[in-house]
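J.: The structure is given below, and queries will be raised subsequently.
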Amino acid sequence: MHLKSILQTLFLTLAFIAALCGGCGISVAADSGRAAAQPFGSETESGYYYTVQKGDTLWDLSRRFSGTPWVWPELWEENNATIANPHLIYPGQQIRLMRLMGGRPASASASSSEQPVAGIHFYYSLRDQYGFIRKVPVTAEGIIFKSQDSNKNMLSEGDIIYARPEGDAALNKGQLMTVYRTFSPLIDQKTKELIGTQHLLCGVLEIVQREPQYAMARVVESYRPIEIGDKLMPYQQRSPRIAIQNSQPGIDGRLIMAEEHLSMFAEFHVAFVNQGNLHGIRPGQIYSIYQRDEHNFGSVTSPQTITIPVDYGELLVLHVEDETSTVLITGSKKEFYEGTRVRTPLAMR
């Protein structure tokens with residue numbers, strides 16, 4: 001048996017014995033001074049995180065978020081870079097959860113879709129890179145018409161560009177601007193109604209010089225190649241922490257498309273959903289991706305078809321507009337396509 005497995009088994013046995021004696025064997029230090037001296041966990045990659053509260057234990061957190069206390073060694077293993085001793089965790093520490101299945105932890109209240117769930121948040125390191133679909137497009141404050149290097153058509157960090165102001169846009173020296181690109185308006189093929197215009201965020205630039213008819217700027221960050229003709233809007237910093245909230249009951253929508261226009265997509269891809277703020281969708285909500293399986297229990301002459309919804313993926317809402325949402329696929333058992341169904345997760349109690 002490997003040493004790691006032996007240690008995990010030993011800790012598991014100690015925890016079980018302690019639980020029989022009225023404790024769990026893995027405790028949170030209540031002394032705030034001691035807690036401040038300990039190395040706190042910090043988000044290092046995208047995923048679900050929980051902020052430790054007074055009285056929490058790995059044993060209880062494992063039961064709460066995984067459905068059983070017996071997998072606490074795996075929870076510790078996920079966080080052993082910042083939790084040296086599994087017997088001691090401290091209020092304020094950020095613990096990375098292995099998976100948040102089913103859309104909400106077992107202890108979450110479903111009384112309000114507006115309330116954060118149990119101190120959980122999703123840390124998304126690419127917070128400034130996802131775009132959105134909006135029915136009325138953003139009014140551009142500038143358009144890139146030239147690069148300093150005339151041989152480059154696709155620009156990246158460090159390149160100098162020239163932008164033409166639109167309307168009465170200031171484009172003041174030192175101002176940060178988001179570079180974005182729009183596409184042809186999206187039309188629902190069934191209803192023939194306008195869905196909106198996709199805004200693809202490409203990077204950030206800083207205005208370094210302002211002249212009466214143009215502005216010179218330096219690309220400070222590029223998420224995607226920046227092109228002549230791309231548009232500018234004021235940069236707005238986003239928080240990487242997205243508080244998890246209870247899902248809106250009764251949601252039954254569909255995936256419009258993948259942000260990068262992929263024909264099929266899966267886990268860690270960004271996509272868009274055809275429901276938004278007006279439907280009760282909020283950032284931090286989790287929804288199930290499902291398919292409808294049909295079963296015929298009748299005969300050829302007397303068919304009796306039963307349709308069963310089967311979940312095979314999950315998504316997290318990153319951003320909402322009135323009638324659309326930007327989402328991150330956080331779990332998938334197979335690939336998704338445009339039109340794939342999305343619904344409120346089943347409440348597992």
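Scheme for the structure tokens: letters A, B, ... for chains in order shown; per-chain residue numbers from 1; ligand numbers from 1 in order shown.
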Between region 177-214 of chain A and region 131-138 of chain A, at 12 Å or less, what are the per-residue closest atom pairs and their distances in Å? Count only C-alpha atoms, order by chain and rising residue number, and return it as JSON lines.
T.:
{"residue": "A:Thr178", "atom": "CA", "partner": "A:Gly131", "partner_atom": "CA", "distance": 10.9}
{"residue": "A:Val179", "atom": "CA", "partner": "A:Gly131", "partner_atom": "CA", "distance": 10.9}
{"residue": "A:Tyr180", "atom": "CA", "partner": "A:Gly131", "partner_atom": "CA", "distance": 8.5}
{"residue": "A:Arg181", "atom": "CA", "partner": "A:Gly131", "partner_atom": "CA", "distance": 9.6}
{"residue": "A:Thr182", "atom": "CA", "partner": "A:Pro137", "partner_atom": "CA", "distance": 8.3}
{"residue": "A:Phe183", "atom": "CA", "partner": "A:Ile133", "partner_atom": "CA", "distance": 10.1}
{"residue": "A:Ser184", "atom": "CA", "partner": "A:Pro137", "partner_atom": "CA", "distance": 10.8}
{"residue": "A:Pro185", "atom": "CA", "partner": "A:Lys135", "partner_atom": "CA", "distance": 8.5}
{"residue": "A:Leu186", "atom": "CA", "partner": "A:Ile133", "partner_atom": "CA", "distance": 9.0}
{"residue": "A:Ile187", "atom": "CA", "partner": "A:Lys135", "partner_atom": "CA", "distance": 10.6}
{"residue": "A:Glu193", "atom": "CA", "partner": "A:Lys135", "partner_atom": "CA", "distance": 10.7}
{"residue": "A:Leu194", "atom": "CA", "partner": "A:Lys135", "partner_atom": "CA", "distance": 7.4}
{"residue": "A:Ile195", "atom": "CA", "partner": "A:Lys135", "partner_atom": "CA", "distance": 6.3}
{"residue": "A:Gly196", "atom": "CA", "partner": "A:Lys135", "partner_atom": "CA", "distance": 3.8}
{"residue": "A:Thr197", "atom": "CA", "partner": "A:Ile133", "partner_atom": "CA", "distance": 5.2}
{"residue": "A:Gln198", "atom": "CA", "partner": "A:Ile133", "partner_atom": "CA", "distance": 4.3}
{"residue": "A:His199", "atom": "CA", "partner": "A:Phe132", "partner_atom": "CA", "distance": 5.4}
{"residue": "A:Leu200", "atom": "CA", "partner": "A:Gly131", "partner_atom": "CA", "distance": 5.0}
{"residue": "A:Leu201", "atom": "CA", "partner": "A:Gly131", "partner_atom": "CA", "distance": 5.4}
{"residue": "A:Cys202", "atom": "CA", "partner": "A:Gly131", "partner_atom": "CA", "distance": 9.1}
{"residue": "A:Gly203", "atom": "CA", "partner": "A:Gly131", "partner_atom": "CA", "distance": 11.0}
J.: Now that the selection is made, can you save its residues with N, CA and C atoms as an mmCIF file, in the first residue's frame?
T.:
data_model
loop_
_atom_site.group_PDB
_atom_site.id
_atom_site.type_symbol
_atom_site.label_atom_id
_atom_site.label_comp_id
_atom_site.auth_asym_id
_atom_site.auth_seq_id
_atom_site.Cartn_x
_atom_site.Cartn_y
_atom_site.Cartn_z
ATOM 1 N N THR A 178 -11.864 48.752 -23.617
ATOM 2 C CA THR A 178 -12.010 47.358 -24.039
ATOM 3 C C THR A 178 -12.194 47.309 -25.549
ATOM 4 N N VAL A 179 -11.424 46.437 -26.180
ATOM 5 C CA VAL A 179 -11.549 46.224 -27.620
ATOM 6 C C VAL A 179 -12.560 45.101 -27.835
ATOM 7 N N TYR A 180 -13.544 45.349 -28.692
ATOM 8 C CA TYR A 180 -14.543 44.312 -28.944
ATOM 9 C C TYR A 180 -14.911 44.269 -30.422
ATOM 10 N N ARG A 181 -15.565 43.165 -30.778
ATOM 11 C CA ARG A 181 -15.949 42.915 -32.162
ATOM 12 C C ARG A 181 -17.406 42.446 -32.175
ATOM 13 N N THR A 182 -18.165 42.912 -33.128
ATOM 14 C CA THR A 182 -19.549 42.456 -33.252
ATOM 15 C C THR A 182 -19.741 41.694 -34.558
ATOM 16 N N PHE A 183 -20.842 40.943 -34.605
ATOM 17 C CA PHE A 183 -21.146 40.118 -35.768
ATOM 18 C C PHE A 183 -22.567 40.446 -36.255
ATOM 19 N N SER A 184 -22.979 39.790 -37.290
ATOM 20 C CA SER A 184 -24.331 40.004 -37.802
ATOM 21 C C SER A 184 -25.355 39.636 -36.727
ATOM 22 N N PRO A 185 -26.469 40.359 -36.659
ATOM 23 C CA PRO A 185 -27.505 40.046 -35.656
ATOM 24 C C PRO A 185 -27.964 38.595 -35.750
ATOM 25 N N LEU A 186 -28.208 37.991 -34.590
ATOM 26 C CA LEU A 186 -28.673 36.609 -34.522
ATOM 27 C C LEU A 186 -30.195 36.580 -34.563
ATOM 28 N N ILE A 187 -30.731 35.711 -35.402
ATOM 29 C CA ILE A 187 -32.177 35.568 -35.550
ATOM 30 C C ILE A 187 -32.586 34.158 -35.155
ATOM 31 N N GLU A 193 -37.536 35.834 -34.654
ATOM 32 C CA GLU A 193 -37.355 37.042 -33.855
ATOM 33 C C GLU A 193 -35.873 37.313 -33.632
ATOM 34 N N LEU A 194 -35.571 38.594 -33.401
ATOM 35 C CA LEU A 194 -34.193 38.995 -33.142
ATOM 36 C C LEU A 194 -33.740 38.512 -31.773
ATOM 37 N N ILE A 195 -32.619 37.792 -31.728
ATOM 38 C CA ILE A 195 -32.017 37.377 -30.461
ATOM 39 C C ILE A 195 -31.114 38.484 -29.940
ATOM 40 N N GLY A 196 -30.254 39.016 -30.801
ATOM 41 C CA GLY A 196 -29.353 40.082 -30.409
ATOM 42 C C GLY A 196 -28.056 40.021 -31.191
ATOM 43 N N THR A 197 -27.116 40.857 -30.781
ATOM 44 C CA THR A 197 -25.808 40.933 -31.438
ATOM 45 C C THR A 197 -24.723 40.464 -30.481
ATOM 46 N N GLN A 198 -23.886 39.549 -30.937
ATOM 47 C CA GLN A 198 -22.793 39.066 -30.099
ATOM 48 C C GLN A 198 -21.688 40.101 -30.027
ATOM 49 N N HIS A 199 -21.188 40.337 -28.799
ATOM 50 C CA HIS A 199 -20.038 41.193 -28.559
ATOM 51 C C HIS A 199 -18.889 40.308 -28.079
ATOM 52 N N LEU A 200 -17.853 40.177 -28.897
ATOM 53 C CA LEU A 200 -16.677 39.360 -28.573
ATOM 54 C C LEU A 200 -15.576 40.283 -28.058
ATOM 55 N N LEU A 201 -15.156 40.080 -26.805
ATOM 56 C CA LEU A 201 -14.125 40.930 -26.207
ATOM 57 C C LEU A 201 -12.744 40.426 -26.627
ATOM 58 N N CYS A 202 -11.910 41.340 -27.125
ATOM 59 C CA CYS A 202 -10.620 40.946 -27.700
ATOM 60 C C CYS A 202 -9.421 41.378 -26.875
ATOM 61 N N GLY A 203 -9.560 42.422 -26.054
ATOM 62 C CA GLY A 203 -8.414 42.872 -25.273
ATOM 63 C C GLY A 203 -8.662 44.224 -24.647
#
J.: Would you give me, as a ChimeraX atom specification, the residues in region 69-281 of chain A that DSSP reads as alpha helix (DSSP H)?
T.: /A:72-79
J.: Would you output that residue set with N, CA and C atoms, as a tab-separated table (two decimals), in the first residue's frame?
T.:
chain	number	residue	atom	x	y	z
A	72	TRP	N	-13.69	12.98	2.96
A	72	TRP	CA	-12.93	14.15	3.39
A	72	TRP	C	-11.44	14.06	3.06
A	73	PRO	N	-10.82	12.86	3.00
A	73	PRO	CA	-9.41	12.83	2.58
A	73	PRO	C	-9.19	13.38	1.17
A	74	GLU	N	-10.17	13.13	0.28
A	74	GLU	CA	-10.05	13.69	-1.06
A	74	GLU	C	-10.17	15.21	-1.04
A	75	LEU	N	-11.07	15.71	-0.17
A	75	LEU	CA	-11.21	17.17	-0.02
A	75	LEU	C	-9.92	17.77	0.51
A	76	TRP	N	-9.29	17.09	1.46
A	76	TRP	CA	-8.00	17.57	1.97
A	76	TRP	C	-6.93	17.51	0.89
A	77	GLU	N	-6.91	16.41	0.14
A	77	GLU	CA	-5.91	16.27	-0.92
A	77	GLU	C	-6.04	17.40	-1.95
A	78	GLU	N	-7.28	17.81	-2.22
A	78	GLU	CA	-7.50	18.90	-3.16
A	78	GLU	C	-6.91	20.21	-2.65
A	79	ASN	N	-6.77	20.32	-1.31
A	79	ASN	CA	-6.34	21.58	-0.70
A	79	ASN	C	-5.07	21.45	0.15
J.: Which neighbours of Tyr49 (chain A) fall inside 8 Å, counting only C-alpha atoms, when residues of the same chain fewer than 4 positions from it are skipped, and could you give them as a list in words?
T.: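 Once the adjacent positions are removed, what remains is Glu43, Gln94, Ile95, Arg96, Leu97, Ile120, His121, Phe122 and Tyr123 of chain A.
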J.: Among region 78-299 of chain A, which ones does DSSP assign to strand (DSSP E or B) (computed from the backbone)? Answer as a PyMOL selection string.
T.: chain A and resi 88-89+94-96+116-123+132-134+142-147+154-155+160-165+176-182+186-187+194-210+215-222+226-227+231-234+241-245+252-258+265+270-273+286-296
J.: With distances taken over only C-alpha atoms, which of A:Arg127, A:Ala84, A:Ala258, A:Ile306 is nearest to Tyr223 (chain A)?
T.: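 Nearest to Tyr223 (chain A): A:Arg127.
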J.: Which residue is closest to Glu166 (chain A)? Choose from A:Pro283, A:Pro91, A:Pro69, A:Gly142 and count only C-alpha atoms.
T.: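 Using only C-alpha atoms, the shortest distance to Glu166 (chain A) belongs to A:Gly142.
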J.: If you measure from CA of Ala266 (chain A) to CA of Thr44 (chain A), what distance in Å do you get, rounded to one decimal?
T.: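 Atom-to-atom, CA of Ala266 (chain A) and CA of Thr44 (chain A) are spaced 22.3 Å apart.
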J.: By how many Å are CA of Gln237 (chain A) and CA of Ser147 (chain A) apart?
T.: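 About the pair CA of Gln237 (chain A) and CA of Ser147 (chain A): they are 25.5 Å apart.
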J.: Give me the residues near Arg254 (chain A) as a list in words, where near means some atom within 10 Å (using only C-alpha atoms) and where sequence neighbours in that chain fewer than 6 positions away do not count.
T.: Phe272, Val273, Asn274, Gln275, Ile289, Tyr290, Tyr337, Glu338, Gly339, Thr340, Arg341, Val342 and Arg343 of chain A
J.: Between CA of Arg238 (chain A) and CA of Arg224 (chain A), what is the distance in Å, rounded to a tenth?
T.: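 Computing it gives 18.1 Å between the two atoms.
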